[in-house]
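Dumped final_30.pdb below, it's PDB, C-alpha atoms:
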ATOM      1  CA  MET A   1      38.481   0.916  -0.074  1.00  0.00           C
ATOM      2  CA  GLU A   2      36.095   3.898  -0.086  1.00  0.00           C
ATOM      3  CA  LEU A   3      35.189   3.254  -3.738  1.00  0.00           C
ATOM      4  CA  PHE A   4      34.334  -0.355  -2.890  1.00  0.00           C
ATOM      5  CA  GLU A   5      32.036   0.765  -0.054  1.00  0.00           C
ATOM      6  CA  GLU A   6      30.275   3.244  -2.366  1.00  0.00           C
ATOM      7  CA  LYS A   7      29.712   0.483  -4.905  1.00  0.00           C
ATOM      8  CA  LYS A   8      28.317  -1.780  -2.185  1.00  0.00           C
ATOM      9  CA  GLU A   9      25.985   0.998  -1.020  1.00  0.00           C
ATOM     10  CA  LYS A  10      24.719   1.574  -4.582  1.00  0.00           C
ATOM     11  CA  GLU A  11      24.097  -2.156  -5.051  1.00  0.00           C
ATOM     12  CA  ALA A  12      22.170  -2.302  -1.768  1.00  0.00           C
ATOM     13  CA  LEU A  13      20.149   0.754  -2.800  1.00  0.00           C
ATOM     14  CA  ASN A  14      19.337  -0.833  -6.177  1.00  0.00           C
ATOM     15  CA  GLU A  15      18.170  -4.019  -4.456  1.00  0.00           C
ATOM     16  CA  ALA A  16      16.035  -2.038  -1.999  1.00  0.00           C
ATOM     17  CA  THR A  17      14.567  -0.020  -4.878  1.00  0.00           C
ATOM     18  CA  LYS A  18      13.679  -3.209  -6.762  1.00  0.00           C
ATOM     19  CA  GLU A  19      12.021  -4.608  -3.648  1.00  0.00           C
ATOM     20  CA  ILE A  20       9.972  -1.442  -3.110  1.00  0.00           C
ATOM     21  CA  GLN A  21       8.919  -1.462  -6.770  1.00  0.00           C
ATOM     22  CA  LYS A  22       7.846  -5.084  -6.423  1.00  0.00           C
ATOM     23  CA  HIS A  23       5.770  -4.203  -3.355  1.00  0.00           C
ATOM     24  CA  LEU A  24       4.197  -1.196  -5.102  1.00  0.00           C
ATOM     25  CA  LEU A  25       3.310  -3.326  -8.128  1.00  0.00           C
ATOM     26  CA  ARG A  26       1.709  -5.912  -5.867  1.00  0.00           C
ATOM     27  CA  MET A  27      -0.271  -3.211  -4.056  1.00  0.00           C
ATOM     28  CA  ARG A  28      -1.381  -1.810  -7.409  1.00  0.00           C
ATOM     29  CA  SER A  29      -2.539  -5.263  -8.455  1.00  0.00           C
ATOM     30  CA  ILE A  30      -4.573  -5.606  -5.248  1.00  0.00           C
ATOM     31  CA  LEU A  31      -6.153  -2.190  -5.757  1.00  0.00           C
ATOM     32  CA  ASP A  32      -6.913  -3.010  -9.402  1.00  0.00           C
ATOM     33  CA  THR A  33      -8.634  -6.190  -8.264  1.00  0.00           C
ATOM     34  CA  LEU A  34     -10.721  -4.167  -5.819  1.00  0.00           C
ATOM     35  CA  LYS A  35     -11.766  -1.893  -8.685  1.00  0.00           C
ATOM     36  CA  ARG A  36     -13.235  -4.888 -10.535  1.00  0.00           C
ATOM     37  CA  GLU A  37     -14.448  -7.178  -7.757  1.00  0.00           C
ATOM     38  CA  ASP A  38     -15.919  -6.919  -4.286  1.00  0.00           C
ATOM     39  CA  ARG A  39     -13.376  -8.991  -2.375  1.00  0.00           C
ATOM     40  CA  SER A  40     -14.580  -7.896   1.060  1.00  0.00           C
ATOM     41  CA  GLN A  41     -15.500 -11.495   1.993  1.00  0.00           C
ATOM     42  CA  ASP A  42     -12.288 -13.048   0.629  1.00  0.00           C
ATOM     43  CA  SER A  43     -10.111 -13.781   3.653  1.00  0.00           C
ATOM     44  CA  PRO A  44      -6.970 -14.869   1.738  1.00  0.00           C
ATOM     45  CA  PHE A  45      -7.170 -11.764  -0.439  1.00  0.00           C
ATOM     46  CA  LEU A  46      -7.594  -9.467   2.577  1.00  0.00           C
ATOM     47  CA  ASN A  47      -4.672 -11.148   4.315  1.00  0.00           C
ATOM     48  CA  GLU A  48      -2.544 -10.638   1.213  1.00  0.00           C
ATOM     49  CA  PHE A  49      -3.573  -6.970   1.274  1.00  0.00           C
ATOM     50  CA  SER A  50      -2.396  -6.806   4.901  1.00  0.00           C
ATOM     51  CA  HIS A  51       0.890  -8.534   4.132  1.00  0.00           C
ATOM     52  CA  ILE A  52       1.782  -6.167   1.301  1.00  0.00           C
ATOM     53  CA  TRP A  53       0.801  -3.270   3.549  1.00  0.00           C
ATOM     54  CA  HIS A  54       3.293  -4.505   6.140  1.00  0.00           C
ATOM     55  CA  ALA A  55       5.983  -4.834   3.469  1.00  0.00           C
ATOM     56  CA  LEU A  56       5.421  -1.240   2.330  1.00  0.00           C
ATOM     57  CA  MET A  57       5.473   0.016   5.916  1.00  0.00           C
ATOM     58  CA  ASP A  58       8.761  -1.828   6.461  1.00  0.00           C
ATOM     59  CA  ASP A  59      10.109  -0.237   3.271  1.00  0.00           C
ATOM     60  CA  ALA A  60       9.223   3.205   4.621  1.00  0.00           C
ATOM     61  CA  ASP A  61      10.928   2.441   7.941  1.00  0.00           C
ATOM     62  CA  ASN A  62      14.138   1.491   6.130  1.00  0.00           C
ATOM     63  CA  PHE A  63      14.687   4.809   4.327  1.00  0.00           C
ATOM     64  CA  LYS A  64      17.905   6.374   5.497  1.00  0.00           C
ATOM     65  CA  LYS A  65      17.430   9.721   3.734  1.00  0.00           C
ATOM     66  CA  THR A  66      14.432  11.919   3.108  1.00  0.00           C
ATOM     67  CA  THR A  67      14.014  12.838  -0.531  1.00  0.00           C
ATOM     68  CA  ALA A  68      11.081  14.147  -2.545  1.00  0.00           C
ATOM     69  CA  TRP A  69      10.367  10.542  -3.583  1.00  0.00           C
ATOM     70  CA  THR A  70      10.439   9.142  -0.038  1.00  0.00           C
ATOM     71  CA  HIS A  71       8.203  12.001   1.089  1.00  0.00           C
ATOM     72  CA  HIS A  72       5.716  11.155  -1.693  1.00  0.00           C
ATOM     73  CA  PHE A  73       5.921   7.449  -0.755  1.00  0.00           C
ATOM     74  CA  ARG A  74       5.189   8.150   2.908  1.00  0.00           C
ATOM     75  CA  SER A  75       2.370  10.500   1.944  1.00  0.00           C
ATOM     76  CA  PHE A  76       0.806   7.695  -0.104  1.00  0.00           C
ATOM     77  CA  LEU A  77       1.023   5.339   2.876  1.00  0.00           C
ATOM     78  CA  LYS A  78      -0.528   7.982   5.149  1.00  0.00           C
ATOM     79  CA  ALA A  79      -3.460   8.329   2.742  1.00  0.00           C
ATOM     80  CA  ILE A  80      -4.202   4.629   3.142  1.00  0.00           C
ATOM     81  CA  GLN A  81      -3.348   4.642   6.841  1.00  0.00           C
ATOM     82  CA  HIS A  82      -5.937   7.330   7.607  1.00  0.00           C
ATOM     83  CA  TYR A  83      -8.744   6.230   5.269  1.00  0.00           C
ATOM     84  CA  PRO A  84     -11.516   7.052   5.892  1.00  0.00           C
ATOM     85  CA  GLU A  85     -10.840  10.360   7.598  1.00  0.00           C
ATOM     86  CA  GLY A  86     -12.239  10.826  11.062  1.00  0.00           C
ATOM     87  CA  GLN A  87     -12.773   7.151  11.878  1.00  0.00           C
ATOM     88  CA  GLU A  88     -11.471   5.581  15.082  1.00  0.00           C
ATOM     89  CA  HIS A  89     -10.358   2.453  13.227  1.00  0.00           C
ATOM     90  CA  THR A  90      -9.049   3.224   9.770  1.00  0.00           C
ATOM     91  CA  LEU A  91      -8.010   1.007   6.893  1.00  0.00           C
ATOM     92  CA  GLY A  92      -4.409   1.303   8.041  1.00  0.00           C
ATOM     93  CA  TYR A  93      -5.416   0.061  11.482  1.00  0.00           C
ATOM     94  CA  TYR A  94      -7.095  -3.046  10.067  1.00  0.00           C
ATOM     95  CA  LEU A  95      -4.306  -3.721   7.577  1.00  0.00           C
ATOM     96  CA  THR A  96      -1.780  -3.503  10.401  1.00  0.00           C
ATOM     97  CA  GLU A  97      -3.659  -5.449  13.067  1.00  0.00           C
ATOM     98  CA  TYR A  98      -5.196  -8.333  11.130  1.00  0.00           C
ATOM     99  CA  ALA A  99      -2.441  -9.648   8.873  1.00  0.00           C
ATOM    100  CA  GLY A 100      -2.464 -13.426   8.902  1.00  0.00           C
ATOM    101  CA  LYS A 101      -5.442 -13.745  11.235  1.00  0.00           C
ATOM    102  CA  THR A 102      -7.953 -16.503  10.604  1.00  0.00           C
ATOM    103  CA  TRP A 103     -10.897 -14.163  11.191  1.00  0.00           C
ATOM    104  CA  LEU A 104     -11.525 -10.631  10.017  1.00  0.00           C
ATOM    105  CA  PRO A 105     -13.574  -7.956  11.769  1.00  0.00           C
ATOM    106  CA  PHE A 106     -16.847  -7.001  10.122  1.00  0.00           C
ATOM    107  CA  PRO A 107     -15.994  -3.247  10.001  1.00  0.00           C
ATOM    108  CA  TYR A 108     -12.864  -4.083   7.966  1.00  0.00           C
ATOM    109  CA  MET A 109     -14.889  -6.109   5.472  1.00  0.00           C
ATOM    110  CA  GLU A 110     -17.483  -3.315   5.297  1.00  0.00           C
ATOM    111  CA  MET A 111     -14.744  -0.781   4.602  1.00  0.00           C
ATOM    112  CA  ILE A 112     -13.408  -2.873   1.703  1.00  0.00           C
ATOM    113  CA  ALA A 113     -16.941  -3.266   0.301  1.00  0.00           C
ATOM    114  CA  LYS A 114     -17.449   0.516   0.587  1.00  0.00           C
ATOM    115  CA  ILE A 115     -14.229   1.220  -1.322  1.00  0.00           C
ATOM    116  CA  TYR A 116     -15.384  -1.148  -4.061  1.00  0.00           C
ATOM    117  CA  ARG A 117     -18.888   0.402  -4.256  1.00  0.00           C
ATOM    118  CA  GLU A 118     -17.446   3.916  -4.325  1.00  0.00           C
ATOM    119  CA  HIS A 119     -15.330   2.957  -7.332  1.00  0.00           C
ATOM    120  CA  GLN A 120     -18.327   1.451  -9.118  1.00  0.00           C
ATOM    121  CA  LYS A 121     -20.318   4.693  -8.731  1.00  0.00           C
ATOM    122  CA  VAL A 122     -17.668   7.197  -9.858  1.00  0.00           C
ATOM    123  CA  PRO A 123     -14.557   5.349 -11.083  1.00  0.00           C
ATOM    124  CA  ILE A 124     -12.510   8.360 -12.165  1.00  0.00           C
ATOM    125  CA  GLU A 125     -12.897  10.101  -8.802  1.00  0.00           C
ATOM    126  CA  SER A 126     -12.674   7.077  -6.526  1.00  0.00           C
ATOM    127  CA  THR A 127     -10.200   6.526  -3.740  1.00  0.00           C
ATOM    128  CA  LEU A 128      -8.951   3.393  -5.509  1.00  0.00           C
ATOM    129  CA  GLU A 129      -8.279   5.406  -8.661  1.00  0.00           C
ATOM    130  CA  LEU A 130      -6.433   8.065  -6.686  1.00  0.00           C
ATOM    131  CA  TRP A 131      -4.277   5.459  -4.942  1.00  0.00           C
ATOM    132  CA  THR A 132      -3.403   3.607  -8.156  1.00  0.00           C
ATOM    133  CA  LYS A 133      -2.435   6.903  -9.822  1.00  0.00           C
ATOM    134  CA  ARG A 134      -0.173   7.685  -6.872  1.00  0.00           C
ATOM    135  CA  ILE A 135       1.472   4.278  -7.233  1.00  0.00           C
ATOM    136  CA  ASP A 136       2.020   4.943 -10.947  1.00  0.00           C
ATOM    137  CA  GLU A 137       3.679   8.259 -10.085  1.00  0.00           C
ATOM    138  CA  LEU A 138       5.912   6.528  -7.543  1.00  0.00           C
ATOM    139  CA  LEU A 139       6.903   3.847 -10.032  1.00  0.00           C
ATOM    140  CA  LYS A 140       7.869   6.498 -12.584  1.00  0.00           C
ATOM    141  CA  GLY A 141      10.248   7.915 -10.009  1.00  0.00           C
TER
END

As structure tokens - that is how I would like this structure written.
Amino acid sequence: MELFEEKKEKEALNEATKEIQKHLLRMRSILDTLKREDRSQDSPFLNEFSHIWHALMDDADNFKKTTAWTHHFRSFLKAIQHYPEGQEHTLGYYLTEYAGKTWLPFPYMEMIAKIYREHQKVPIESTLELWTKRIDELLKG
């Protein structure tokens, strides 16, 4: 009986891992798009960004154990959550509050445009580049 439960737990963990990887790949795709295009006025795109953000936050809430990988994952989410530093309303705030809304606040759209412009100026040092590298590290395990 105990062996069966362990097998069930491993299968559930594998499914959860696949789901997290799928969410990370989708987030990477969104960030890659933002590297190439200013999508700050694209409501469906910004809503998709919010939805994948919610999925990743849910993934983080579902971790039962803290490991080096889960710590790195949560640290990645915190980096997005608190961008840009020192602002009252951060990217994480807008991603959390405006998922699925039919209108988007101007400061949110400005923030997305700023992230895009920053990447255009200095791609190898941009926030988008840093975040995509962190996703790559997470996907490698």

(message) Can you pull out the residues contacting segment 99-115 of chain A? Cut-off 7 Å, using only C-alpha atoms, and skip same-chain residues under 5 positions away; I want them as a list in words.
(response) Asp38, Ser40, Gln41, Asn47, Ser50, His51 and Tyr94 of chain A

(request) Translate the PyMOL selection byres ((chain A and resi 130-132) around 9), as applied to the file shown, into an explicit residue set as a PyMOL selection string. (result) chain A and resi 27-29+31-32+76+79-80+124-129+133-137

(request) Using only C-alpha atoms, find the one residue out of A:Leu139, A:Ile30, A:Leu25, A:Leu77 that sits nearest to Leu91 of chain A. (result)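 The closest residue to Leu91 of chain A is A:Leu77.
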
(message) Set the distance at 9 Å and use all atoms listed in the file: which residues neighbour His82 of chain A once local chain neighbours fewer than 6 positions away are removed? I'd like the list as a ChimeraX atom specification.
(response) /A:89-93

(message) Between atom CA of Leu95 of chain A and atom CA of Thr67 of chain A, what distance in Å does the model show, to one decimal?
(response)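 Taking atom CA of Leu95 of chain A and atom CA of Thr67 of chain A, their separation equals 26.0 Å.
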
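Between atom CA of Leu56 of chain A and atom CA of Lys121 of chain A the interatomic distance comes to 28.6 Å.
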
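In this model, the gap between atom CA of Thr17 of chain A and atom CA of Thr96 of chain A comes to 22.6 Å.
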
(request) Measuring atom to atom with all atoms listed in the file, identify which of A:His23, A:Pro123, A:Gln87, A:His71 is nearest to Asp58 of chain A. (result)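 Among A:His23, A:Pro123, A:Gln87, A:His71, it is A:His23 that comes nearest to Asp58 of chain A.
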
(request) Return the single residue from A:Arg36, A:Glu15, A:His54, A:Ile20 that is closest to Tyr98 of chain A, with distances computed using only C-alpha atoms. (result)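 Of the candidates, the smallest distance to Tyr98 of chain A is held by A:His54.
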